[in-house]
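To start, the structure under review is shown below, and the notes come after it.
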Amino acid sequence: MNLSELGRSAFSLWWPGAALFAILLLYFLARPQKLPEGSRRQSVAQTSAAFLAYSILCLAIALSKHYFLATSHFVALALAMLAASSFLVGLYFEKAKPLMKVTGLMLLVTAASASYGNWFPQNEGGFSPTKEVKRTVYDMTSQQLIDEGEKIIFGGIGQNNTQGAIGRGQCPLCHLFQKDMLSNRAPNLYGITGTASERLKDPRYHLGKPQGRDTVQKEAYLGSGTATNELEYIAESLICPSCYVVAGYGTRGTNDLESPGIKLHKPPVSLTFDDFIAVTTWLYAKDGQRAPSQDEIELAFKNFIPPIDWNMVSRQGSNDPASAPIYLLATGLEPLDDIFTRAQCVACHVIPGIGAPARPIGPKLTMKSVAPLRLKDPTYKGGARNTREYVIESILYPSAYIAKGFPDNTMPKVFGTKLTGLAIDRMADYLSQLEEGNAPPKID
């Protein structure tokens with residue numbers, strides 16, 4: 001209990017009334033000739049009693065104000081003070097005596113009850129709370145699995161048709177999921193369970209050669225797919241995106257043998273076996289197909305995740321949000337070009353000195369040239385004052401300015417939670433130096 005804080009609070013309540021009582025006392029003491037001796041003494045006594053009761057009242061109010069929610073000890077004490085104040089007023093003021101006595105008695109009984117209730121041992125009820133059961137996908141129904149997969153992909157149930165919606169799986173950063181829509185960054189995943197069969201028959205599927213890995217591990221074989229059925233193809237494409245690259249979606253200059261996609265079992269996405277089972281179940285449900293069992297899906301992913309990495313994707317076995325991993329695309333400590341790659345910027349934009357997509361769907365990021373012009377554009381809705389602030393604003397709030405010829409809501413609006421401040425600062429520093437017609441700055 002902080003006595004100095006309590007005293008200051010009580011004094012702020014007390015001093016205006018105390019000044020009034022002091023004036024009354026001085027009045028009665030300074031002009032006794034106008035009052036009979038008995039009346040003078042009675043007036044001084046009543047004023048003094050009222051002053052003391054008022055002081056106790058201010059202290060009780062301050063005590064309740066500061067400690068009402070802390071412990072019932074102080075509640076009982078404040079009630080006892082109010083009771084004492086009521087009795088004191090009733091003692092010296094005859095007309096108010098009945099009311100003050102009743103009020104004081106009620107407050108005293110209440111204070112005693114609060115004190116006793118706090119002192120009496122507190123027993124728990126006759127039941128124990130049910131322990132939280134840590135669920136895995138093996139405990140979920142089919143619909144729960146589908147819902148969980150949708151949350152991983154889009155960030156929430158019912159968000160699969162919302163443009164810009166993105167979950168921790170990061171899939172919508174590159175892929176579309178709606179029928180008959182052309183995806184420029186990566187293949188449209190609508191009907192993937194059916195198109196997987198067609199891709200397995202593609203003569204290009206086995207063109208590549210192993211790139212220095214044991215064939216049992218089936219990892220990072222450029223253009224060398226090894227899946228034998230649709231389920232394995234889905235697992236392989238999520239774990240080893242370069243094992244087979246759909247024509248036209250490869251990294252520029254690799255002849256569609258290398259994919260710009262990331263391995264989803266590794267940082268920065270780091271999905272677990274449970275996550276892969278839920279996502280795969282949602283993909284099958286989206287296509288109106290019955291999903292394989294949890295065991296079958298997990299086995300398919302184990303075919304393409306090297307055993308040495310299995311500990312990365314083993315189920316967490318915990319529903320505690322505090323123990324859940326934080327899914328960051330970049331921390332800012334990575335090499336600069338790696339930050340842009342992890343954030344998937346080069347999947348949409350031409351960034352001089354960093355890279356360019358095969359099919360750009362966003363404006364070229366020569367920000368030193370274009371930012372000053374955009375800040376003066378009447379359609380600009382942001383609050384940036386210079387190029388660097390504009391770049392940061394464009395990363396965090398891409399709808400503040402829509403570049404001519406590019407539709408709104410194409411760029412995800414989640415980078416404020418997926419990139420650290422350091423990562424965004426380093427990106428802004430670099431992009432602010434890019435000028436049309438000039439060589440890009442050297443990357444440290």
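For the structure tokens, the naming scheme is as follows: chains receive sequential letters (A, B, ...) according to their order of presentation, residues are indexed from 1 within each chain, and ligands are indexed from 1 in presentation order.
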Show which residues sit within 7 Å of region 251-268 of chain A, as a PyMOL selection string. Count only C-alpha atoms, and ignore same-chain residues fewer than 5 positions away.
chain A and resi 222-223+238-242+245+313+327-330+357-358
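Among the candidate residues A:Leu176, A:Phe301, A:Tyr233, A:Phe273, the one lying nearest to Lys201 (chain A) is A:Tyr233, with distances computed using only C-alpha atoms.
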Can you tell me which residues surround Arg168 (chain A) at a distance of at most 12 Å, considering only C-alpha atoms, apart from same-chain residues fewer than 3 positions away, and format the answer as a PDB file with N, CA and C atoms, in the first residue's frame?
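File produced: selection.pdb:
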ATOM      1  N   GLU A 148      -9.760 -25.535 -40.650  1.00  0.00           N
ATOM      2  CA  GLU A 148      -8.384 -25.244 -40.226  1.00  0.00           C
ATOM      3  C   GLU A 148      -7.501 -24.972 -41.444  1.00  0.00           C
ATOM      4  N   GLY A 149      -7.689 -25.751 -42.514  1.00  0.00           N
ATOM      5  CA  GLY A 149      -6.921 -25.515 -43.732  1.00  0.00           C
ATOM      6  C   GLY A 149      -7.202 -24.149 -44.323  1.00  0.00           C
ATOM      7  N   GLU A 150      -8.472 -23.734 -44.296  1.00  0.00           N
ATOM      8  CA  GLU A 150      -8.828 -22.416 -44.832  1.00  0.00           C
ATOM      9  C   GLU A 150      -8.204 -21.298 -44.003  1.00  0.00           C
ATOM     10  N   LYS A 151      -8.148 -21.488 -42.695  1.00  0.00           N
ATOM     11  CA  LYS A 151      -7.529 -20.471 -41.837  1.00  0.00           C
ATOM     12  C   LYS A 151      -6.033 -20.365 -42.109  1.00  0.00           C
ATOM     13  N   ILE A 152      -5.381 -21.501 -42.336  1.00  0.00           N
ATOM     14  CA  ILE A 152      -3.938 -21.484 -42.622  1.00  0.00           C
ATOM     15  C   ILE A 152      -3.661 -20.775 -43.939  1.00  0.00           C
ATOM     16  N   ILE A 153      -4.505 -21.007 -44.935  1.00  0.00           N
ATOM     17  CA  ILE A 153      -4.280 -20.409 -46.259  1.00  0.00           C
ATOM     18  C   ILE A 153      -4.696 -18.948 -46.297  1.00  0.00           C
ATOM     19  N   PHE A 154      -5.901 -18.649 -45.778  1.00  0.00           N
ATOM     20  CA  PHE A 154      -6.482 -17.316 -45.974  1.00  0.00           C
ATOM     21  C   PHE A 154      -6.587 -16.489 -44.694  1.00  0.00           C
ATOM     22  N   GLY A 155      -6.278 -17.076 -43.562  1.00  0.00           N
ATOM     23  CA  GLY A 155      -6.330 -16.305 -42.325  1.00  0.00           C
ATOM     24  C   GLY A 155      -7.668 -16.322 -41.618  1.00  0.00           C
ATOM     25  N   GLY A 156      -8.676 -16.994 -42.168  1.00  0.00           N
ATOM     26  CA  GLY A 156      -9.984 -17.062 -41.517  1.00  0.00           C
ATOM     27  C   GLY A 156     -10.964 -17.861 -42.336  1.00  0.00           C
ATOM     28  N   ALA A 165      -6.867 -11.497 -48.772  1.00  0.00           N
ATOM     29  CA  ALA A 165      -6.844 -12.297 -47.549  1.00  0.00           C
ATOM     30  C   ALA A 165      -5.682 -13.273 -47.604  1.00  0.00           C
ATOM     31  N   CYS A 171       0.077 -18.715 -48.976  1.00  0.00           N
ATOM     32  CA  CYS A 171      -0.238 -19.210 -50.323  1.00  0.00           C
ATOM     33  C   CYS A 171      -0.780 -18.129 -51.259  1.00  0.00           C
ATOM     34  N   PRO A 172      -1.728 -17.264 -50.808  1.00  0.00           N
ATOM     35  CA  PRO A 172      -2.293 -16.270 -51.742  1.00  0.00           C
ATOM     36  C   PRO A 172      -1.309 -15.190 -52.170  1.00  0.00           C
ATOM     37  N   LEU A 173      -0.114 -15.173 -51.596  1.00  0.00           N
ATOM     38  CA  LEU A 173       0.877 -14.238 -52.099  1.00  0.00           C
ATOM     39  C   LEU A 173       1.193 -14.518 -53.561  1.00  0.00           C
ATOM     40  N   LEU A 264       7.675 -24.929 -48.004  1.00  0.00           N
ATOM     41  CA  LEU A 264       6.774 -24.498 -46.947  1.00  0.00           C
ATOM     42  C   LEU A 264       7.049 -25.142 -45.597  1.00  0.00           C
ATOM     43  N   PRO A 267      11.533 -22.181 -42.694  1.00  0.00           N
ATOM     44  CA  PRO A 267      11.271 -20.753 -42.499  1.00  0.00           C
ATOM     45  C   PRO A 267      11.295 -20.036 -43.844  1.00  0.00           C
ATOM     46  N   PRO A 268      10.520 -18.990 -44.050  1.00  0.00           N
ATOM     47  CA  PRO A 268       9.796 -18.277 -42.999  1.00  0.00           C
ATOM     48  C   PRO A 268       8.391 -18.789 -42.730  1.00  0.00           C
ATOM     49  N   VAL A 269       7.893 -19.793 -43.493  1.00  0.00           N
ATOM     50  CA  VAL A 269       6.516 -20.253 -43.301  1.00  0.00           C
ATOM     51  C   VAL A 269       6.440 -21.344 -42.242  1.00  0.00           C
ATOM     52  N   SER A 270       7.267 -22.377 -42.378  1.00  0.00           N
ATOM     53  CA  SER A 270       7.412 -23.416 -41.343  1.00  0.00           C
ATOM     54  C   SER A 270       6.095 -24.092 -40.975  1.00  0.00           C
ATOM     55  N   LEU A 271       5.412 -24.675 -41.956  1.00  0.00           N
ATOM     56  CA  LEU A 271       4.204 -25.436 -41.659  1.00  0.00           C
ATOM     57  C   LEU A 271       4.565 -26.788 -41.051  1.00  0.00           C
ATOM     58  N   THR A 272       3.690 -27.303 -40.206  1.00  0.00           N
ATOM     59  CA  THR A 272       3.897 -28.608 -39.568  1.00  0.00           C
ATOM     60  C   THR A 272       3.139 -29.690 -40.332  1.00  0.00           C
ATOM     61  N   ASP A 275      -0.457 -28.949 -40.189  1.00  0.00           N
ATOM     62  CA  ASP A 275      -0.824 -27.885 -41.130  1.00  0.00           C
ATOM     63  C   ASP A 275      -0.973 -28.437 -42.544  1.00  0.00           C
ATOM     64  N   VAL A 279      -4.338 -28.267 -44.839  1.00  0.00           N
ATOM     65  CA  VAL A 279      -4.313 -27.566 -46.127  1.00  0.00           C
ATOM     66  C   VAL A 279      -4.692 -28.517 -47.256  1.00  0.00           C
ATOM     67  N   ALA A 324       3.049 -20.747 -29.613  1.00  0.00           N
ATOM     68  CA  ALA A 324       2.983 -20.866 -31.065  1.00  0.00           C
ATOM     69  C   ALA A 324       4.118 -20.083 -31.712  1.00  0.00           C
ATOM     70  N   PRO A 325       4.687 -20.615 -32.772  1.00  0.00           N
ATOM     71  CA  PRO A 325       5.778 -19.890 -33.435  1.00  0.00           C
ATOM     72  C   PRO A 325       5.271 -18.633 -34.122  1.00  0.00           C
ATOM     73  N   ILE A 326       6.138 -17.653 -34.251  1.00  0.00           N
ATOM     74  CA  ILE A 326       5.814 -16.418 -34.951  1.00  0.00           C
ATOM     75  C   ILE A 326       6.284 -16.569 -36.394  1.00  0.00           C
ATOM     76  N   TYR A 327       5.387 -16.396 -37.333  1.00  0.00           N
ATOM     77  CA  TYR A 327       5.703 -16.631 -38.732  1.00  0.00           C
ATOM     78  C   TYR A 327       6.071 -15.314 -39.407  1.00  0.00           C
ATOM     79  N   LEU A 328       7.348 -15.007 -39.426  1.00  0.00           N
ATOM     80  CA  LEU A 328       7.847 -13.806 -40.072  1.00  0.00           C
ATOM     81  C   LEU A 328       8.451 -14.173 -41.414  1.00  0.00           C
ATOM     82  N   LEU A 329       8.202 -13.331 -42.394  1.00  0.00           N
ATOM     83  CA  LEU A 329       8.840 -13.550 -43.686  1.00  0.00           C
ATOM     84  C   LEU A 329      10.314 -13.189 -43.623  1.00  0.00           C
ATOM     85  N   VAL A 414      -0.626  -7.429 -45.401  1.00  0.00           N
ATOM     86  CA  VAL A 414      -0.237  -8.094 -44.155  1.00  0.00           C
ATOM     87  C   VAL A 414       1.232  -7.908 -43.811  1.00  0.00           C
ATOM     88  N   PHE A 415       1.968  -7.131 -44.594  1.00  0.00           N
ATOM     89  CA  PHE A 415       3.407  -7.077 -44.382  1.00  0.00           C
ATOM     90  C   PHE A 415       3.789  -6.390 -43.078  1.00  0.00           C
ATOM     91  N   THR A 417       2.671  -7.231 -40.297  1.00  0.00           N
ATOM     92  CA  THR A 417       2.770  -8.307 -39.314  1.00  0.00           C
ATOM     93  C   THR A 417       3.707  -9.420 -39.768  1.00  0.00           C
ATOM     94  N   LYS A 418       4.200  -9.339 -40.994  1.00  0.00           N
ATOM     95  CA  LYS A 418       5.054 -10.395 -41.525  1.00  0.00           C
ATOM     96  C   LYS A 418       6.507  -9.966 -41.683  1.00  0.00           C
TER      97      LYS A 418
END
As an exercise, work out the distance from CA of Thr141 (chain A) to CA of Thr281 (chain A) in Å and give it to one decimal place.
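Computing it gives 11.1 Å between the two atoms.
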